[in-house]
Amino acid sequence: MIPYDTQFDPPAIVLPVTIGGVVHRRPRIELSALIDTGADITAVPELLVERLKLYPVGRLQLEDANAVKTVVFTYEANMAMAKEPVKKMEVIVTPYPFAILGRDWLSDYYLLLDGPGRQFQLSTSVTS
């Protein structure tokens with residue numbers, strides 16, 4: 001089990017990920033990524049767009065919890081966790097210094113949350 005990250009209030013489920021561009025495979029940046037089961041799409045820090053030379057590949061209309069709609073660009077990026085294959089993702093940007101892993105990323109994994117124990121488990125197969 002992986003402990004929740006207590007730097008967030010309340011503590012959150014966070015993993016280290018590596019992000020790189022699709023066209024330019026170097027550099028790659030390792031950073032923390034918050035798993036957000038309520039997010040439809042994965043987001044990367046805005047400051048990485050220029051640094052990783054990410055190119056816009058589309059546009060998407062987002063709607064927040066207050067029903068405010070915003071049109072944003074989407075970018076392709078390569079993302080990987082330790083010991084997992086690289087996954088090409090269509091992502092949006094966020095002003096936060098960490099990535100946000102949405103349900104599009106989470107769809108390949110089983111996530112077991114132990115809220116009272118403030119720990120979680122992520123795997124590619126059902127665990128007991």
# chains A, B, ... in the order shown; residues from 1 in each chain; ligands from 1
>>> closest_atom_pairs(of="segment 39-125 of chain A", to="segment 4-19 of chain A", cutoff="6 Å", atoms="only C-alpha atoms", output="Markdown table")
| residue | atom | partner | partner_atom | distance |
| --- | --- | --- | --- | --- |
| A:Asn78 | CA | A:Ile19 | CA | 5.6 |
| A:Met79 | CA | A:Ile19 | CA | 4.6 |
| A:Ala80 | CA | A:Thr18 | CA | 5.2 |
| A:Met81 | CA | A:Val17 | CA | 4.8 |
| A:Arg118 | CA | A:Tyr4 | CA | 5.3 |
| A:Gln119 | CA | A:Tyr4 | CA | 5.1 |
>>> residues_around(residues="Leu60 of chain A", least_positions_apart="3", cutoff="9 Å", atoms="only C-alpha atoms", output="PyMOL selection string")
chain A and resi 70-74+92
>>> write_last_selection(atoms="N, CA and C atoms", output="compact mmCIF listing (two decimals), in the first residue's frame")
# COMPACT_ATOMS: atom_id res chain seq x y z
N THR A 70 -15.59 26.42 -20.61
CA THR A 70 -14.36 27.02 -21.11
C THR A 70 -13.81 26.14 -22.22
N VAL A 71 -13.36 26.75 -23.32
CA VAL A 71 -12.72 26.01 -24.39
C VAL A 71 -11.21 26.05 -24.15
N VAL A 72 -10.56 24.87 -24.18
CA VAL A 72 -9.12 24.76 -23.94
C VAL A 72 -8.47 23.94 -25.05
N PHE A 73 -7.18 24.13 -25.23
CA PHE A 73 -6.42 23.30 -26.15
C PHE A 73 -6.07 21.97 -25.47
N THR A 74 -5.95 20.93 -26.28
CA THR A 74 -5.44 19.66 -25.79
C THR A 74 -4.08 19.42 -26.43
N ILE A 92 -4.79 18.22 -21.04
CA ILE A 92 -4.98 19.66 -20.99
C ILE A 92 -3.95 20.22 -20.01
>>> select_by_dssp(residues="segment 74-123 of chain A", states="strand (DSSP E or B)", output="NGL selection string")
:A and (74-80 or 87-94 or 99-101 or 110-114 or 119-123)
>>> residues_around(residues="Val93 of chain A", least_positions_apart="2", cutoff="12 Å", atoms="only C-alpha atoms", output="ChimeraX atom specification")
/A:41-50,54-56,59-60,62,71-77,90-91,95-101
>>> atom_distance(atom1="atom CA of Gly102 of chain A", atom2="atom CA of Asp36 of chain A")
5.4 Å
>>> select_by_dssp(residues="chain A", states="alpha helix (DSSP H)", output="PDB file with all heavy atoms, in the first residue's frame")
ATOM      1  N   LEU A  48       5.028  23.100 -18.453  1.00  0.00           N
ATOM      2  CA  LEU A  48       5.673  22.027 -19.212  1.00  0.00           C
ATOM      3  C   LEU A  48       5.425  22.116 -20.710  1.00  0.00           C
ATOM      4  O   LEU A  48       6.150  21.496 -21.488  1.00  0.00           O
ATOM      5  CB  LEU A  48       5.210  20.663 -18.708  1.00  0.00           C
ATOM      6  CG  LEU A  48       5.610  20.286 -17.291  1.00  0.00           C
ATOM      7  CD1 LEU A  48       5.185  18.852 -16.988  1.00  0.00           C
ATOM      8  CD2 LEU A  48       7.088  20.459 -17.064  1.00  0.00           C
ATOM      9  N   VAL A  49       4.415  22.866 -21.140  1.00  0.00           N
ATOM     10  CA  VAL A  49       4.089  22.951 -22.569  1.00  0.00           C
ATOM     11  C   VAL A  49       5.298  23.431 -23.361  1.00  0.00           C
ATOM     12  O   VAL A  49       5.702  22.799 -24.343  1.00  0.00           O
ATOM     13  CB  VAL A  49       2.860  23.854 -22.820  1.00  0.00           C
ATOM     14  CG1 VAL A  49       2.666  24.122 -24.309  1.00  0.00           C
ATOM     15  CG2 VAL A  49       1.614  23.217 -22.231  1.00  0.00           C
ATOM     16  N   GLU A  50       5.900  24.520 -22.955  1.00  0.00           N
ATOM     17  CA  GLU A  50       7.068  25.050 -23.659  1.00  0.00           C
ATOM     18  C   GLU A  50       8.307  24.195 -23.394  1.00  0.00           C
ATOM     19  O   GLU A  50       9.057  23.882 -24.307  1.00  0.00           O
ATOM     20  CB  GLU A  50       7.326  26.492 -23.241  1.00  0.00           C
ATOM     21  CG  GLU A  50       8.435  27.146 -24.042  1.00  0.00           C
ATOM     22  CD  GLU A  50       8.599  28.615 -23.691  1.00  0.00           C
ATOM     23  OE1 GLU A  50       7.589  29.309 -23.499  1.00  0.00           O
ATOM     24  OE2 GLU A  50       9.762  29.041 -23.607  1.00  0.00           O
ATOM     25  N   ARG A  51       8.501  23.816 -22.141  1.00  0.00           N
ATOM     26  CA  ARG A  51       9.703  23.065 -21.762  1.00  0.00           C
ATOM     27  C   ARG A  51       9.805  21.723 -22.486  1.00  0.00           C
ATOM     28  O   ARG A  51      10.889  21.293 -22.869  1.00  0.00           O
ATOM     29  CB  ARG A  51       9.708  22.868 -20.255  1.00  0.00           C
ATOM     30  CG  ARG A  51      10.989  22.352 -19.719  1.00  0.00           C
ATOM     31  CD  ARG A  51      11.046  22.544 -18.232  1.00  0.00           C
ATOM     32  NE  ARG A  51      12.211  21.888 -17.698  1.00  0.00           N
ATOM     33  CZ  ARG A  51      12.371  21.584 -16.444  1.00  0.00           C
ATOM     34  NH1 ARG A  51      11.443  21.883 -15.564  1.00  0.00           N
ATOM     35  NH2 ARG A  51      13.456  20.981 -16.040  1.00  0.00           N
ATOM     36  N   ARG A 103      -9.768  10.177 -15.059  1.00  0.00           N
ATOM     37  CA  ARG A 103     -10.317   8.839 -15.316  1.00  0.00           C
ATOM     38  C   ARG A 103      -9.823   8.263 -16.637  1.00  0.00           C
ATOM     39  O   ARG A 103      -9.787   7.044 -16.809  1.00  0.00           O
ATOM     40  CB  ARG A 103     -11.841   8.875 -15.264  1.00  0.00           C
ATOM     41  CG  ARG A 103     -12.366   9.072 -13.855  1.00  0.00           C
ATOM     42  CD  ARG A 103     -13.858   8.859 -13.730  1.00  0.00           C
ATOM     43  NE  ARG A 103     -14.651   9.435 -14.791  1.00  0.00           N
ATOM     44  CZ  ARG A 103     -15.096  10.692 -14.801  1.00  0.00           C
ATOM     45  NH1 ARG A 103     -14.814  11.511 -13.814  1.00  0.00           N
ATOM     46  NH2 ARG A 103     -15.830  11.140 -15.802  1.00  0.00           N
ATOM     47  N   ASP A 104      -9.435   9.114 -17.598  1.00  0.00           N
ATOM     48  CA  ASP A 104      -8.884   8.594 -18.853  1.00  0.00           C
ATOM     49  C   ASP A 104      -7.601   7.803 -18.592  1.00  0.00           C
ATOM     50  O   ASP A 104      -7.373   6.760 -19.179  1.00  0.00           O
ATOM     51  CB  ASP A 104      -8.637   9.718 -19.856  1.00  0.00           C
ATOM     52  CG  ASP A 104      -7.707  10.810 -19.348  1.00  0.00           C
ATOM     53  OD1 ASP A 104      -7.551  10.987 -18.124  1.00  0.00           O
ATOM     54  OD2 ASP A 104      -7.141  11.526 -20.192  1.00  0.00           O
ATOM     55  N   TRP A 105      -6.771   8.270 -17.689  1.00  0.00           N
ATOM     56  CA  TRP A 105      -5.546   7.556 -17.305  1.00  0.00           C
ATOM     57  C   TRP A 105      -5.887   6.372 -16.390  1.00  0.00           C
ATOM     58  O   TRP A 105      -5.353   5.289 -16.541  1.00  0.00           O
ATOM     59  CB  TRP A 105      -4.589   8.518 -16.601  1.00  0.00           C
ATOM     60  CG  TRP A 105      -3.351   7.857 -16.112  1.00  0.00           C
ATOM     61  CD1 TRP A 105      -2.209   7.613 -16.820  1.00  0.00           C
ATOM     62  CD2 TRP A 105      -3.139   7.310 -14.809  1.00  0.00           C
ATOM     63  NE1 TRP A 105      -1.308   6.947 -16.021  1.00  0.00           N
ATOM     64  CE2 TRP A 105      -1.857   6.759 -14.781  1.00  0.00           C
ATOM     65  CE3 TRP A 105      -3.929   7.243 -13.663  1.00  0.00           C
ATOM     66  CZ2 TRP A 105      -1.338   6.142 -13.654  1.00  0.00           C
ATOM     67  CZ3 TRP A 105      -3.409   6.632 -12.537  1.00  0.00           C
ATOM     68  CH2 TRP A 105      -2.126   6.085 -12.546  1.00  0.00           C
ATOM     69  N   LEU A 106      -6.779   6.595 -15.454  1.00  0.00           N
ATOM     70  CA  LEU A 106      -7.119   5.599 -14.437  1.00  0.00           C
ATOM     71  C   LEU A 106      -7.832   4.384 -15.025  1.00  0.00           C
ATOM     72  O   LEU A 106      -7.846   3.316 -14.411  1.00  0.00           O
ATOM     73  CB  LEU A 106      -7.998   6.258 -13.368  1.00  0.00           C
ATOM     74  CG  LEU A 106      -8.212   5.529 -12.066  1.00  0.00           C
ATOM     75  CD1 LEU A 106      -6.894   5.200 -11.388  1.00  0.00           C
ATOM     76  CD2 LEU A 106      -9.096   6.351 -11.146  1.00  0.00           C
TER      77      LEU A 106
END
>>> closest_residue(among="A:Leu122, A:Ala65, A:Val86, A:Leu52", to="Val23 of chain A", atoms="only C-alpha atoms")
A:Leu52
>>> closest_residue(among="A:Pro3, A:Met89, A:Ala67, A:Tyr109", to="Gly21 of chain A", atoms="only C-alpha atoms")
A:Met89
>>> closest_residue(among="A:Arg26, A:Gly58, A:Met1, A:Lys69", to="Gly115 of chain A", atoms="only C-alpha atoms")
A:Met1
>>> atom_distance(atom1="atom CA of Ile29 of chain A", atom2="atom CA of Asp108 of chain A")
21.9 Å
>>> residues_around(residues="Gln121 of chain A", least_positions_apart="6", cutoff="9 Å", atoms="only C-alpha atoms", output="VMD selection string")
chain A and resid 1 to 3 110 to 114 127
